[in-house]
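Dropping structure26.cif in here (mmCIF, C-alpha atoms):
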```
data_final
loop_
_atom_site.group_PDB
_atom_site.id
_atom_site.type_symbol
_atom_site.label_atom_id
_atom_site.label_comp_id
_atom_site.auth_asym_id
_atom_site.auth_seq_id
_atom_site.Cartn_x
_atom_site.Cartn_y
_atom_site.Cartn_z
ATOM 1 C CA ARG A 1 39.275 63.188 -17.815
ATOM 2 C CA ILE A 2 36.204 62.385 -15.687
ATOM 3 C CA ALA A 3 34.536 65.724 -16.452
ATOM 4 C CA LEU A 4 34.784 64.928 -20.174
ATOM 5 C CA SER A 5 33.284 61.436 -19.900
ATOM 6 C CA GLU A 6 29.900 62.422 -21.363
ATOM 7 C CA GLU A 7 31.517 64.274 -24.263
ATOM 8 C CA HIS A 8 33.783 61.274 -24.873
ATOM 9 C CA VAL A 9 30.850 58.848 -24.982
ATOM 10 C CA MET A 10 28.824 61.056 -27.322
ATOM 11 C CA PHE A 11 31.846 61.605 -29.575
ATOM 12 C CA CYS A 12 32.328 57.849 -29.883
ATOM 13 C CA ARG A 13 28.654 57.217 -30.569
ATOM 14 C CA LYS A 14 28.542 59.869 -33.245
ATOM 15 C CA ALA A 15 31.667 58.386 -34.848
ATOM 16 C CA ASN A 16 30.065 54.938 -34.822
ATOM 17 C CA LEU A 17 26.595 55.843 -36.042
ATOM 18 C CA TYR A 18 27.234 56.090 -39.761
ATOM 19 C CA ASN A 19 24.678 58.313 -41.461
ATOM 20 C CA GLU A 20 24.580 59.673 -45.011
ATOM 21 C CA THR A 21 23.551 63.126 -43.854
ATOM 22 C CA PHE A 22 25.545 63.342 -40.622
ATOM 23 C CA ASN A 23 28.611 61.137 -40.455
ATOM 24 C CA ASP A 24 29.297 60.107 -44.022
ATOM 25 C CA GLU A 25 33.096 60.343 -43.770
ATOM 26 C CA SER A 26 33.568 57.980 -40.845
ATOM 27 C CA MET A 27 36.572 55.731 -41.453
ATOM 28 C CA ALA A 28 36.814 54.180 -37.991
ATOM 29 C CA ASP A 29 34.526 52.612 -35.398
ATOM 30 C CA ILE A 30 35.215 52.724 -31.680
ATOM 31 C CA LEU A 31 34.274 49.229 -30.533
ATOM 32 C CA TRP A 32 34.853 49.780 -26.831
ATOM 33 C CA SER A 33 36.330 52.271 -24.397
ATOM 34 C CA ASN A 34 37.409 51.290 -20.890
ATOM 35 C CA GLN A 35 38.407 53.781 -18.238
ATOM 36 C CA LEU A 36 41.352 52.273 -16.362
ATOM 37 C CA LEU A 37 41.365 52.558 -12.573
ATOM 38 C CA SER A 38 44.183 52.691 -10.031
ATOM 39 C CA SER A 39 44.807 49.652 -7.843
ATOM 40 C CA ASP A 40 42.776 51.229 -5.010
ATOM 41 C CA MET A 41 40.014 52.113 -7.537
ATOM 42 C CA MET A 42 39.979 55.686 -6.225
ATOM 43 C CA ARG A 43 41.079 57.423 -9.421
ATOM 44 C CA THR A 44 41.348 56.965 -13.167
ATOM 45 C CA VAL A 45 44.808 56.444 -14.614
ATOM 46 C CA GLY A 46 44.119 56.089 -18.324
ATOM 47 C CA HIS A 47 42.053 54.560 -21.086
ATOM 48 C CA ALA A 48 42.106 51.424 -23.186
ATOM 49 C CA MET A 49 40.203 51.771 -26.453
ATOM 50 C CA CYS A 50 39.603 49.436 -29.363
ATOM 51 C CA ILE A 51 39.310 51.234 -32.705
ATOM 52 C CA GLU A 52 38.438 49.317 -35.859
ATOM 53 C CA SER A 53 39.626 50.886 -39.100
ATOM 54 C CA THR A 54 41.170 50.036 -42.444
ATOM 55 C CA SER A 55 44.407 51.828 -41.609
ATOM 56 C CA LEU A 56 46.469 53.064 -38.677
ATOM 57 C CA GLU A 57 46.122 56.602 -40.005
ATOM 58 C CA HIS A 58 42.316 56.519 -39.711
ATOM 59 C CA ALA A 59 42.525 55.186 -36.153
ATOM 60 C CA GLN A 60 44.967 57.904 -35.164
ATOM 61 C CA ASP A 61 42.794 60.543 -36.793
ATOM 62 C CA VAL A 62 39.627 59.626 -34.899
ATOM 63 C CA LEU A 63 41.504 59.411 -31.602
ATOM 64 C CA SER A 64 43.089 62.823 -32.168
ATOM 65 C CA ARG A 65 39.600 64.342 -32.273
ATOM 66 C CA ASP A 66 38.411 62.699 -29.048
ATOM 67 C CA PRO A 67 37.489 65.340 -26.421
ATOM 68 C CA ILE A 68 39.696 63.771 -23.737
ATOM 69 C CA VAL A 69 42.712 63.606 -26.048
ATOM 70 C CA GLN A 70 42.034 67.165 -27.189
ATOM 71 C CA ALA A 71 42.012 68.360 -23.587
ATOM 72 C CA LEU A 72 45.108 66.421 -22.498
ATOM 73 C CA THR A 73 47.366 66.709 -25.552
ATOM 74 C CA GLY A 74 45.712 69.168 -27.907
ATOM 75 C CA GLY A 75 45.037 66.319 -30.306
ATOM 76 C CA ASP A 76 48.629 65.075 -30.442
ATOM 77 C CA VAL A 77 48.586 61.253 -30.422
ATOM 78 C CA SER A 78 52.302 60.757 -31.107
ATOM 79 C CA ASN A 79 52.953 59.648 -27.520
ATOM 80 C CA ILE A 80 49.866 57.418 -27.244
ATOM 81 C CA PRO A 81 50.803 53.765 -27.891
ATOM 82 C CA PHE A 82 48.902 52.013 -30.668
ATOM 83 C CA TYR A 83 48.873 48.254 -31.158
ATOM 84 C CA ARG A 84 47.093 45.941 -33.577
ATOM 85 C CA TRP A 85 45.119 43.606 -31.343
ATOM 86 C CA ARG A 86 44.476 40.145 -32.777
ATOM 87 C CA GLN A 87 41.731 38.738 -30.610
ATOM 88 C CA VAL A 88 41.460 34.972 -30.272
ATOM 89 C CA ARG A 89 37.930 34.287 -31.491
ATOM 90 C CA ASP A 90 37.417 30.892 -29.856
ATOM 91 C CA TYR A 91 34.123 30.775 -27.960
ATOM 92 C CA SER A 92 35.849 29.398 -24.865
ATOM 93 C CA LEU A 93 37.671 32.714 -24.488
ATOM 94 C CA ARG A 94 34.518 34.814 -24.620
ATOM 95 C CA GLN A 95 33.040 34.405 -21.135
ATOM 96 C CA ASP A 96 30.436 36.855 -19.849
ATOM 97 C CA ASP A 97 32.000 39.802 -18.079
ATOM 98 C CA GLY A 98 31.165 39.772 -14.394
ATOM 99 C CA ARG A 99 30.521 36.026 -14.252
ATOM 100 C CA ASP A 100 32.063 34.662 -11.075
ATOM 101 C CA GLY A 101 33.885 37.882 -10.251
ATOM 102 C CA VAL A 102 34.537 41.295 -11.745
ATOM 103 C CA PRO A 103 36.340 42.146 -15.008
ATOM 104 C CA ASN A 104 40.027 43.047 -15.012
ATOM 105 C CA ILE A 105 42.394 44.067 -17.788
ATOM 106 C CA LEU A 106 45.927 42.727 -18.087
ATOM 107 C CA ILE A 107 48.343 44.521 -20.403
ATOM 108 C CA ALA A 108 51.552 42.496 -20.666
ATOM 109 C CA LEU A 109 54.440 43.647 -22.863
ATOM 110 C CA ASP A 110 57.218 41.312 -23.953
ATOM 111 C CA ARG A 111 60.836 41.772 -23.030
ATOM 112 C CA SER A 112 62.918 43.091 -25.901
ATOM 113 C CA ALA A 113 64.850 40.917 -28.318
ATOM 114 C CA GLU A 114 68.034 42.364 -26.850
ATOM 115 C CA GLU A 115 67.092 40.720 -23.558
ATOM 116 C CA GLY A 116 67.319 37.340 -25.221
ATOM 117 C CA ILE A 117 63.711 36.102 -25.341
ATOM 118 C CA GLY A 118 64.403 34.398 -28.655
ATOM 119 C CA ASN A 119 61.431 32.345 -29.836
ATOM 120 C CA LEU A 120 59.898 32.111 -26.350
ATOM 121 C CA ARG A 121 56.515 33.515 -27.393
ATOM 122 C CA GLU A 122 55.996 30.783 -29.963
ATOM 123 C CA GLU A 123 57.374 28.087 -27.675
ATOM 124 C CA VAL A 124 54.921 28.866 -24.882
ATOM 125 C CA LYS A 125 51.932 29.616 -27.140
ATOM 126 C CA ASN A 126 50.027 26.336 -26.721
ATOM 127 C CA GLU A 127 50.567 26.203 -22.972
ATOM 128 C CA TYR A 128 49.452 29.821 -22.703
ATOM 129 C CA LEU A 129 46.227 29.230 -24.641
ATOM 130 C CA GLU A 130 45.451 26.066 -22.694
ATOM 131 C CA TYR A 131 45.832 27.968 -19.432
ATOM 132 C CA LEU A 132 43.397 30.673 -20.583
ATOM 133 C CA VAL A 133 40.822 28.171 -21.832
ATOM 134 C CA ARG A 134 40.964 25.961 -18.725
ATOM 135 C CA SER A 135 40.540 28.988 -16.449
ATOM 136 C CA GLU A 136 36.988 29.563 -17.793
ATOM 137 C CA ARG A 137 37.272 33.200 -16.806
ATOM 138 C CA VAL A 138 38.627 34.955 -19.914
ATOM 139 C CA ILE A 139 36.296 37.529 -21.488
ATOM 140 C CA ALA A 140 38.610 38.436 -24.371
ATOM 141 C CA ALA A 141 42.254 37.797 -25.165
ATOM 142 C CA GLY A 142 44.703 38.332 -27.954
ATOM 143 C CA SER A 143 48.229 39.331 -28.827
ATOM 144 C CA MET A 144 49.252 42.932 -29.434
ATOM 145 C CA HIS A 145 51.264 43.591 -32.584
ATOM 146 C CA LEU A 146 53.246 46.511 -33.927
ATOM 147 C CA PRO A 147 50.803 48.789 -35.806
ATOM 148 C CA THR A 148 52.152 48.595 -39.344
ATOM 149 C CA GLU A 149 50.264 50.160 -42.223
ATOM 150 C CA PHE A 150 49.017 46.768 -43.415
ATOM 151 C CA LYS A 151 47.963 44.011 -41.034
ATOM 152 C CA ASP A 152 49.646 41.271 -43.073
ATOM 153 C CA ASP A 153 52.996 43.080 -42.960
ATOM 154 C CA PRO A 154 55.535 40.528 -41.609
ATOM 155 C CA SER A 155 57.102 43.278 -39.505
ATOM 156 C CA SER A 156 53.857 43.523 -37.490
ATOM 157 C CA ILE A 157 55.283 41.201 -34.867
ATOM 158 C CA ALA A 158 53.637 40.353 -31.554
ATOM 159 C CA VAL A 159 54.990 42.453 -28.688
ATOM 160 C CA GLY A 160 52.580 41.606 -25.875
ATOM 161 C CA ASP A 161 49.197 40.299 -24.777
ATOM 162 C CA PHE A 162 45.938 42.024 -23.872
ATOM 163 C CA ILE A 163 43.611 39.947 -21.697
ATOM 164 C CA VAL A 164 40.261 40.778 -20.120
ATOM 165 C CA PHE A 165 39.222 38.310 -17.449
ATOM 166 C CA ASN A 166 37.041 37.848 -14.376
ATOM 167 C CA ALA A 167 38.494 37.694 -10.870
ATOM 168 C CA GLN A 168 37.112 37.719 -7.343
ATOM 169 C CA ASP A 169 39.363 40.521 -6.108
ATOM 170 C CA ARG A 170 42.752 42.159 -6.642
ATOM 171 C CA ASP A 171 44.691 39.282 -5.107
ATOM 172 C CA ASP A 172 42.859 36.730 -7.245
ATOM 173 C CA ALA A 173 43.510 38.798 -10.379
ATOM 174 C CA THR A 174 47.185 39.137 -9.526
ATOM 175 C CA GLU A 175 47.535 35.402 -8.942
ATOM 176 C CA PHE A 176 45.847 34.640 -12.279
ATOM 177 C CA ALA A 177 48.120 37.049 -14.161
ATOM 178 C CA GLU A 178 51.327 35.862 -12.516
ATOM 179 C CA SER A 179 50.430 32.208 -13.164
ATOM 180 C CA ILE A 180 50.077 32.638 -16.925
ATOM 181 C CA PRO A 181 52.711 30.334 -18.474
ATOM 182 C CA SER A 182 54.232 33.109 -20.574
ATOM 183 C CA ALA A 183 54.664 35.184 -17.411
ATOM 184 C CA GLN A 184 56.085 32.213 -15.507
ATOM 185 C CA LYS A 185 58.669 31.597 -18.222
ATOM 186 C CA GLY A 186 59.817 35.207 -18.382
ATOM 187 C CA LEU A 187 58.287 36.419 -21.650
ATOM 188 C CA TYR A 188 56.948 39.660 -20.215
ATOM 189 C CA GLY A 189 59.054 42.615 -19.192
ATOM 190 C CA ASN A 190 56.118 44.719 -18.026
ATOM 191 C CA MET A 191 52.696 43.711 -16.698
ATOM 192 C CA LYS A 192 49.904 46.116 -15.732
ATOM 193 C CA LEU A 193 46.654 45.036 -14.118
ATOM 194 C CA HIS A 194 43.592 47.264 -13.907
ATOM 195 C CA ARG A 195 39.965 47.226 -12.884
ATOM 196 C CA PHE A 196 37.992 49.449 -15.226
ATOM 197 C CA ASN A 197 34.774 51.254 -15.991
ATOM 198 C CA THR A 198 33.127 50.426 -19.310
ATOM 199 C CA PHE A 199 31.582 53.206 -21.366
ATOM 200 C CA ASP A 200 28.691 52.392 -23.692
ATOM 201 C CA VAL A 201 30.251 53.960 -26.766
ATOM 202 C CA THR A 202 28.534 51.812 -29.383
ATOM 203 C CA GLY A 203 25.154 53.538 -29.220
ATOM 204 C CA LYS A 204 23.526 50.176 -29.932
ATOM 205 C CA PHE A 205 21.604 50.156 -26.684
ATOM 206 C CA VAL A 206 19.338 53.108 -27.361
ATOM 207 C CA ALA A 207 16.498 51.343 -29.160
ATOM 208 C CA THR A 208 13.127 51.485 -27.429
ATOM 209 C CA ASN A 209 11.597 48.294 -26.072
ATOM 210 C CA ILE A 210 8.230 48.572 -27.819
ATOM 211 C CA VAL A 211 6.748 45.727 -25.747
ATOM 212 C CA HIS A 212 7.802 47.098 -22.373
ATOM 213 C CA PRO A 213 8.675 50.768 -23.007
ATOM 214 C CA HIS A 214 9.082 51.490 -19.289
ATOM 215 C CA LYS A 215 12.152 49.258 -19.294
ATOM 216 C CA THR A 216 13.948 51.596 -21.671
ATOM 217 C CA LYS A 217 12.914 54.914 -20.203
ATOM 218 C CA GLN A 218 16.530 56.051 -20.512
ATOM 219 C CA THR A 219 16.320 55.469 -24.264
ATOM 220 C CA GLU A 220 14.270 58.611 -24.744
ATOM 221 C CA ASP A 221 16.777 60.482 -22.608
ATOM 222 C CA MET A 222 19.535 59.190 -24.855
ATOM 223 C CA LYS A 223 17.719 60.221 -28.007
ATOM 224 C CA GLU A 224 17.209 63.659 -26.533
ATOM 225 C CA ALA A 225 20.921 63.876 -25.754
ATOM 226 C CA MET A 226 21.871 62.692 -29.238
ATOM 227 C CA GLU A 227 19.553 65.266 -30.779
ATOM 228 C CA HIS A 228 21.209 67.919 -28.609
ATOM 229 C CA TRP A 229 24.591 66.842 -29.941
ATOM 230 C CA GLY A 230 23.400 67.176 -33.529
ATOM 231 C CA TYR A 231 22.454 63.651 -34.552
ATOM 232 C CA PRO A 232 19.258 63.478 -36.660
ATOM 233 C CA VAL A 233 17.398 61.047 -34.419
ATOM 234 C CA GLY A 234 14.228 61.272 -36.490
ATOM 235 C CA ASP A 235 15.834 60.315 -39.791
ATOM 236 C CA MET A 236 14.912 57.176 -41.694
ATOM 237 C CA GLN A 237 18.470 56.019 -42.457
ATOM 238 C CA THR A 238 19.472 54.537 -39.115
ATOM 239 C CA LYS A 239 16.701 52.010 -38.911
ATOM 240 C CA TRP A 240 17.754 50.148 -35.793
ATOM 241 C CA ILE A 241 17.597 53.294 -33.689
ATOM 242 C CA ASN A 242 14.370 54.781 -35.006
ATOM 243 C CA TRP A 243 12.138 51.897 -36.138
#
```
Please, can you express the file's structure as structure tokens?
Amino acid sequence: RIALSEEHVMFCRKANLYNETFNDESMADILWSNQLLSSDMMRTVGHAMCIESTSLEHAQDVLSRDPIVQALTGGDVSNIPFYRWRQVRDYSLRQDDGRDGVPNILIALDRSAEEGIGNLREEVKNEYLEYLVRSERVIAAGSMHLPTEFKDDPSSIAVGDFIVFNAQDRDDATEFAESIPSAQKGLYGNMKLHRFNTFDVTGKFVATNIVHPHKTKQTEDMKEAMEHWGYPVGDMQTKWINW
């Protein structure tokens, strides 16, 4: 997984950089890719990726071609869980990552209906949101839904929450997660907490600073790498990268 990090990043950037002569069939964008770490931060234990597409099929297709997935499963994504993430867009839940701590990811899955949770998610919703807002530490948050073909399908019910937040250390992160009202009231059947490494998969940070070019020395290195991987860096179609 680690050895394929560079190939993974370049694959994502090439998928994202739509170009009429290079990537004209792209049906999905990889918005972010986070390498999940073990609790002792000594090894990687997985990935959390956000893929934007018009259909589940397109998201599965782009993931199946990812170098890491190819190496680990041969491109088979049938055992990789997909969820439709509905991020809460309120500005108060979009704090800067790393402000007053380091970013953590919480993946919390609801108990099953058979376990008798009833309408608990809806009942605790307001208290849950108030807790996140008042904490002033949430970078991004939203519920995870079943990945139906269409997002407005009523069967695309919420089955968990995905929260990125700042914390001072592991103990602080654990306390924050366990104090979430929906956790306190027994909504979740499984909670996983991870520190993570963020990969720059967008490719939006490769434009040269024309005022202070020395500040973006690595930009030329990136363009050289992209050219090596087959992207036409000198074309006139991707204006923000070349002009």
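What the PyMOL selection byres ((chain A and resi 104) around 6) matches in the given file is Pro103, Ile105, Val164, Phe165, His194 and Arg195 of chain A.
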field: Picked residues, the PyMOL selection byres ((chain A and resi 84-101) around 8), expected as a ChimeraX atom specification
entry: /A:82-83,102-103,132-133,136-147,151,162,165-169
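Applied to the file shown here, the PyMOL selection byres ((chain A and resi 36) around 7) selects Asn34, Gln35, Leu37, Ser38, Thr44, Val45, Gly46, His47, Ala48, His194, Arg195, Phe196 and Asn197 of chain A.
Separating atom CA of Arg13 of chain A from atom CA of Ser33 of chain A is a distance of 11.0 Å.
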- prompt: Which is closest to Thr174 of chain A among A:Val159, A:Leu17, A:Leu106, A:Leu120, if we use all atoms listed in the file?
  reply: A:Leu106
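Remark: for Leu31 of chain A, the closest of the candidate residues A:Glu224, A:Asp66, A:Asp200, A:Glu7 is A:Asp200 (distances computed over all atoms listed in the file).
Here the question is which of A:Ala71, A:Ala59, A:Ala183, A:Ala108 gets nearest to Glu149 of chain A using only C-alpha atoms, and that residue is A:Ala59.
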- prompt: Can you tell me, as a ChimeraX atom specification, what residues are no more than 12 Å from Asn79 of chain A when counting only C-alpha atoms, ignoring any on the same chain fewer than 6 positions away?
  reply: /A:60,64,69,72-73
query: Taking all atoms listed in the file into account, which of A:Glu52, A:Glu6, A:Glu130, A:Asp76 comes nearest Asp29 of chain A?
result: A:Glu52
Take segment 74-85 of chain A, bring it up to all heavy atoms, and give me the output as a PDB file, in the coordinates of the input.
```pdb
ATOM      1  N   GLY A  74      45.978  68.287 -26.785  1.00  0.00           N
ATOM      2  CA  GLY A  74      45.712  69.168 -27.907  1.00  0.00           C
ATOM      3  C   GLY A  74      45.517  68.423 -29.211  1.00  0.00           C
ATOM      4  O   GLY A  74      45.605  68.997 -30.291  1.00  0.00           O
ATOM      5  N   GLY A  75      45.246  67.131 -29.103  1.00  0.00           N
ATOM      6  CA  GLY A  75      45.037  66.319 -30.306  1.00  0.00           C
ATOM      7  C   GLY A  75      46.276  65.592 -30.779  1.00  0.00           C
ATOM      8  O   GLY A  75      46.236  64.869 -31.779  1.00  0.00           O
ATOM      9  N   ASP A  76      47.382  65.751 -30.074  1.00  0.00           N
ATOM     10  CA  ASP A  76      48.629  65.075 -30.442  1.00  0.00           C
ATOM     11  C   ASP A  76      48.591  63.639 -29.926  1.00  0.00           C
ATOM     12  O   ASP A  76      48.530  63.401 -28.721  1.00  0.00           O
ATOM     13  CB  ASP A  76      49.812  65.828 -29.832  1.00  0.00           C
ATOM     14  CG  ASP A  76      51.148  65.196 -30.188  1.00  0.00           C
ATOM     15  OD1 ASP A  76      51.171  64.270 -31.030  1.00  0.00           O
ATOM     16  OD2 ASP A  76      52.170  65.628 -29.614  1.00  0.00           O
ATOM     17  N   VAL A  77      48.635  62.667 -30.823  1.00  0.00           N
ATOM     18  CA  VAL A  77      48.586  61.253 -30.422  1.00  0.00           C
ATOM     19  C   VAL A  77      49.936  60.569 -30.592  1.00  0.00           C
ATOM     20  O   VAL A  77      50.031  59.346 -30.482  1.00  0.00           O
ATOM     21  CB  VAL A  77      47.509  60.485 -31.222  1.00  0.00           C
ATOM     22  CG1 VAL A  77      46.131  61.061 -30.970  1.00  0.00           C
ATOM     23  CG2 VAL A  77      47.829  60.495 -32.723  1.00  0.00           C
ATOM     24  N   SER A  78      50.987  61.348 -30.833  1.00  0.00           N
ATOM     25  CA  SER A  78      52.302  60.757 -31.107  1.00  0.00           C
ATOM     26  C   SER A  78      52.864  59.986 -29.920  1.00  0.00           C
ATOM     27  O   SER A  78      53.679  59.077 -30.105  1.00  0.00           O
ATOM     28  CB  SER A  78      53.287  61.855 -31.530  1.00  0.00           C
ATOM     29  OG  SER A  78      53.432  62.838 -30.504  1.00  0.00           O
ATOM     30  N   ASN A  79      52.445  60.344 -28.703  1.00  0.00           N
ATOM     31  CA  ASN A  79      52.953  59.648 -27.520  1.00  0.00           C
ATOM     32  C   ASN A  79      51.950  58.651 -26.945  1.00  0.00           C
ATOM     33  O   ASN A  79      52.165  58.119 -25.852  1.00  0.00           O
ATOM     34  CB  ASN A  79      53.336  60.661 -26.439  1.00  0.00           C
ATOM     35  CG  ASN A  79      54.564  61.471 -26.815  1.00  0.00           C
ATOM     36  OD1 ASN A  79      55.521  60.935 -27.376  1.00  0.00           O
ATOM     37  ND2 ASN A  79      54.531  62.762 -26.545  1.00  0.00           N
ATOM     38  N   ILE A  80      50.856  58.406 -27.667  1.00  0.00           N
ATOM     39  CA  ILE A  80      49.866  57.418 -27.244  1.00  0.00           C
ATOM     40  C   ILE A  80      50.164  56.105 -27.965  1.00  0.00           C
ATOM     41  O   ILE A  80      50.179  56.063 -29.193  1.00  0.00           O
ATOM     42  CB  ILE A  80      48.436  57.890 -27.569  1.00  0.00           C
ATOM     43  CG1 ILE A  80      48.130  59.181 -26.823  1.00  0.00           C
ATOM     44  CG2 ILE A  80      47.417  56.812 -27.195  1.00  0.00           C
ATOM     45  CD1 ILE A  80      46.756  59.769 -27.135  1.00  0.00           C
ATOM     46  N   PRO A  81      50.438  55.039 -27.232  1.00  0.00           N
ATOM     47  CA  PRO A  81      50.803  53.765 -27.891  1.00  0.00           C
ATOM     48  C   PRO A  81      49.627  53.139 -28.631  1.00  0.00           C
ATOM     49  O   PRO A  81      48.518  53.057 -28.098  1.00  0.00           O
ATOM     50  CB  PRO A  81      51.267  52.880 -26.734  1.00  0.00           C
ATOM     51  CG  PRO A  81      50.593  53.446 -25.522  1.00  0.00           C
ATOM     52  CD  PRO A  81      50.494  54.923 -25.758  1.00  0.00           C
ATOM     53  N   PHE A  82      49.874  52.728 -29.852  1.00  0.00           N
ATOM     54  CA  PHE A  82      48.902  52.013 -30.668  1.00  0.00           C
ATOM     55  C   PHE A  82      49.429  50.598 -30.904  1.00  0.00           C
ATOM     56  O   PHE A  82      50.624  50.406 -31.166  1.00  0.00           O
ATOM     57  CB  PHE A  82      48.703  52.694 -32.025  1.00  0.00           C
ATOM     58  CG  PHE A  82      47.745  53.851 -32.014  1.00  0.00           C
ATOM     59  CD1 PHE A  82      48.135  55.082 -31.513  1.00  0.00           C
ATOM     60  CD2 PHE A  82      46.459  53.699 -32.506  1.00  0.00           C
ATOM     61  CE1 PHE A  82      47.261  56.147 -31.510  1.00  0.00           C
ATOM     62  CE2 PHE A  82      45.570  54.765 -32.497  1.00  0.00           C
ATOM     63  CZ  PHE A  82      45.972  55.995 -31.999  1.00  0.00           C
ATOM     64  N   TYR A  83      48.526  49.635 -30.838  1.00  0.00           N
ATOM     65  CA  TYR A  83      48.873  48.254 -31.158  1.00  0.00           C
ATOM     66  C   TYR A  83      47.759  47.655 -32.008  1.00  0.00           C
ATOM     67  O   TYR A  83      46.591  48.046 -31.887  1.00  0.00           O
ATOM     68  CB  TYR A  83      49.031  47.400 -29.894  1.00  0.00           C
ATOM     69  CG  TYR A  83      50.102  47.884 -28.951  1.00  0.00           C
ATOM     70  CD1 TYR A  83      49.784  48.667 -27.848  1.00  0.00           C
ATOM     71  CD2 TYR A  83      51.442  47.553 -29.162  1.00  0.00           C
ATOM     72  CE1 TYR A  83      50.766  49.125 -26.980  1.00  0.00           C
ATOM     73  CE2 TYR A  83      52.437  47.994 -28.303  1.00  0.00           C
ATOM     74  CZ  TYR A  83      52.085  48.785 -27.209  1.00  0.00           C
ATOM     75  OH  TYR A  83      53.060  49.230 -26.361  1.00  0.00           O
ATOM     76  N   ARG A  84      48.111  46.705 -32.856  1.00  0.00           N
ATOM     77  CA  ARG A  84      47.093  45.941 -33.577  1.00  0.00           C
ATOM     78  C   ARG A  84      46.772  44.724 -32.720  1.00  0.00           C
ATOM     79  O   ARG A  84      47.621  43.878 -32.475  1.00  0.00           O
ATOM     80  CB  ARG A  84      47.606  45.523 -34.955  1.00  0.00           C
ATOM     81  CG  ARG A  84      46.615  44.632 -35.705  1.00  0.00           C
ATOM     82  CD  ARG A  84      47.035  44.410 -37.145  1.00  0.00           C
ATOM     83  NE  ARG A  84      46.864  45.621 -37.928  1.00  0.00           N
ATOM     84  CZ  ARG A  84      47.862  46.315 -38.461  1.00  0.00           C
ATOM     85  NH1 ARG A  84      49.109  45.918 -38.284  1.00  0.00           N
ATOM     86  NH2 ARG A  84      47.638  47.408 -39.166  1.00  0.00           N
ATOM     87  N   TRP A  85      45.528  44.687 -32.245  1.00  0.00           N
ATOM     88  CA  TRP A  85      45.119  43.606 -31.343  1.00  0.00           C
ATOM     89  C   TRP A  85      44.478  42.495 -32.159  1.00  0.00           C
ATOM     90  O   TRP A  85      43.502  42.731 -32.877  1.00  0.00           O
ATOM     91  CB  TRP A  85      44.139  44.145 -30.299  1.00  0.00           C
ATOM     92  CG  TRP A  85      43.729  43.150 -29.257  1.00  0.00           C
ATOM     93  CD1 TRP A  85      44.544  42.324 -28.548  1.00  0.00           C
ATOM     94  CD2 TRP A  85      42.401  42.900 -28.792  1.00  0.00           C
ATOM     95  NE1 TRP A  85      43.818  41.572 -27.652  1.00  0.00           N
ATOM     96  CE2 TRP A  85      42.495  41.899 -27.780  1.00  0.00           C
ATOM     97  CE3 TRP A  85      41.145  43.404 -29.098  1.00  0.00           C
ATOM     98  CZ2 TRP A  85      41.380  41.412 -27.105  1.00  0.00           C
ATOM     99  CZ3 TRP A  85      40.038  42.928 -28.427  1.00  0.00           C
ATOM    100  CH2 TRP A  85      40.152  41.941 -27.432  1.00  0.00           C
TER     101      TRP A  85
END
```
